[in-house]
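Inspection log for the structure reproduced underneath, given as C-alpha cells.
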Amino acid sequence: MALEILPSIDLRGGRVVRLKQGDYGRQVNYDVDPFDVARSFAQAGAQWMHLVDLDGAKEGRPMQTELISRLIGASGLKVEAGGGIRQTDDIRRLLDAGASRVVVGTRAMEDWDWFKSISHEAQFAGKLVLAVDAKDGIIATRGWTESSNRKASDVAAQVSDWPVAALLYTDVSQDGMLGGPNIEQTRLLAEAGKVPVIASGGVGHLDHIRELTKIPAWGVIVGRSLYEGKVDLTEAIRIGKGNT
C-alpha cells in the first residue's frame, strides 16, 4: 500500500515555524520564504501539502487565510489546511481559498453533533479531515492545551462509515521532536475503522517513513525534518510509493 507524503508548513505571523510538542513557548523559527518552500515541495514531486495556521489554532479563529490562499495558488498542490476552525463559515472560507480539504479538531471534539451534521452535508462530504490529537491515546484539544476524556481509537471507530476524508493522528508527545511517530497508535486508528489515517508528529529520518509503509496508514505529515535536512522529500516520496 502506497503511503502519501504530505510536506507541511506551519505558519505563525506569516513565518515558517515548528512547535515542539505543541508548546508555543518552544517555537523553532526557520529563515525561509513560505512561497519558496511550497514551490520546492511541488518540484520534489509532492501531490499534497499540509498547512497549519498556528495563530488561528491559538486564537480559536483563522488568522492567515489570505496567506494560505496565496500559498495554494503558488504551489499548485492539493492542500489540506487547518488551525482555529470553529465555525462552518471558517470551513467554507478555506475551501473558497482553494483548499481541497479542511482540518477540524477542537470544535469537532467539543461539539460532536455539529461535526456529525456538517460532515454529512453534500458540500463538505469528503472534504473534512478530523484532527485526532492525542497524548497517551487520549484526545487533546484547543491547540493541545487541554485534554478530553475520549480515546482516539473510539473516535476512529465512531466515524468509520462517515464521509470524512481522513483522520489526522498526531501524538502530541512526539510532535516536532524527530524521535519517530507513534506507530502502534497509528496502526490502532487505521485498524479501528475505514476512514484513511494520516500519521503526524515526530518523523526524523527515512526509516520512520519505511516503518509507516508497513501499516495501513494512508499518509504521513513531514515537517521539521525537511527544514533541518534530515529527510529528503524526493526520497521520502519514492519510499512512500514502495520503492524502499
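Going through the C-alpha cells in order, the chains are called A, B, and so on, while each chain numbers its residues from 1 and the ligands are numbered from 1 in the order shown.
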Residues of segment 48-86 of chain A that approach segment 120-138 of chain A to 12 Å or less, counting only C-alpha atoms: could you list each one with the shortest pair of atoms and its distance in Å to one decimal, rows by chain and increasing residue number, as a tab-separated table?
residue	atom	partner	partner_atom	distance
A:His50	CA	A:Val129	CA	11.2
A:Val52	CA	A:Ala131	CA	11.7
A:Lys78	CA	A:Lys127	CA	11.7
A:Val79	CA	A:Lys127	CA	10.7
A:Glu80	CA	A:Val129	CA	8.0
A:Ala81	CA	A:Val129	CA	9.1
A:Gly82	CA	A:Val129	CA	9.0
A:Gly83	CA	A:Ala131	CA	10.1
A:Gly84	CA	A:Ala131	CA	11.6
A:Ile85	CA	A:Ala131	CA	10.9
Prev. selection, N, CA and C atoms, output as a compact mmCIF listing (two decimals), in the first residue's frame:
# COMPACT_ATOMS: atom_id res chain seq x y z
N HIS A 50 0.40 20.17 3.51
CA HIS A 50 -0.35 20.35 4.75
C HIS A 50 0.00 21.72 5.32
N VAL A 52 -0.76 24.68 8.32
CA VAL A 52 -1.33 24.91 9.65
C VAL A 52 -1.22 26.38 10.02
N LYS A 78 -2.44 20.08 -4.17
CA LYS A 78 -3.64 19.88 -3.38
C LYS A 78 -3.27 20.17 -1.93
N VAL A 79 -4.13 20.86 -1.22
CA VAL A 79 -3.78 21.31 0.12
C VAL A 79 -4.87 20.97 1.13
N GLU A 80 -4.42 20.46 2.28
CA GLU A 80 -5.31 20.39 3.43
C GLU A 80 -4.82 21.42 4.42
N ALA A 81 -5.76 22.20 4.95
CA ALA A 81 -5.38 23.32 5.81
C ALA A 81 -6.26 23.36 7.04
N GLY A 82 -5.70 23.87 8.12
CA GLY A 82 -6.47 23.99 9.35
C GLY A 82 -5.80 24.92 10.33
N GLY A 83 -6.42 25.00 11.51
CA GLY A 83 -5.91 25.88 12.56
C GLY A 83 -6.98 26.87 12.97
N GLY A 84 -7.63 26.63 14.08
CA GLY A 84 -8.63 27.56 14.58
C GLY A 84 -9.99 27.45 13.93
N ILE A 85 -10.29 26.34 13.31
CA ILE A 85 -11.59 26.17 12.65
C ILE A 85 -12.65 25.87 13.70
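Taking only C-alpha atoms into account, Thr213 of chain A lies nearest to A:Ile183 out of the set A:Ala97, A:Ala157, A:Val164, A:Ile183.
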Strand (DSSP E) residues, from DSSP on the backbone, in segment 23-231 of chain A, as a ChimeraX atom specification:
/A:23-29,48-53,78-82,101-104,128-135,138-141,146-151,166-171,197-200,219-222
Find the residue from A:Gly56, A:Gly73, A:Gly240, A:Pro163 that sits nearest to Arg86 of chain A; use only C-alpha atoms when measuring.
A:Gly56
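For the pair atom CA of Leu71 of chain A and atom CA of Ala217 of chain A, the separation is 26.7 Å.
Using only C-alpha atoms for every distance, the candidate list A:Gly13, A:Gly219, A:Gly242, A:Gly60 yields A:Gly60 as the residue closest to Thr106 of chain A.
The two atoms in question, atom CA of Arg150 of chain A and atom CA of Ser8 of chain A, are spaced 26.8 Å apart.
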Give me the residues within 10 Å of Leu188 of chain A as a list in words, counting only C-alpha atoms and dropping any in the same chain fewer than 3 places off.
Gly137, Ala152, Ser153, Asp154, Ala156, Ile183, Glu184, Gln185, Glu191, Ala192, Gly193, Ile215 and Pro216 of chain A
Please list as a ChimeraX atom specification every residue within 8 Å of Lys241 of chain A, counting only C-alpha atoms and excluding residues in the same chain fewer than 3 positions away.
/A:1-4,237-238
Store the residues picked out above, limited to C-alpha atoms, as a PDB file, in the first residue's frame.
ATOM      1  CA  MET A   1       0.000   0.000   0.000  1.00  0.00           C
ATOM      2  CA  ALA A   2       1.418   3.360  -1.044  1.00  0.00           C
ATOM      3  CA  LEU A   3       1.998   5.990   1.614  1.00  0.00           C
ATOM      4  CA  GLU A   4       1.242   9.591   0.659  1.00  0.00           C
ATOM      5  CA  ILE A 237       8.116  10.144  -1.760  1.00  0.00           C
ATOM      6  CA  ARG A 238       9.999   7.315  -3.502  1.00  0.00           C
TER       7      ARG A 238
END
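If you measure from each of A:Leu19, A:Ile91, A:Glu211, A:Ile139 to Glu110 of chain A using only C-alpha atoms, the closest one turns out to be A:Ile139.
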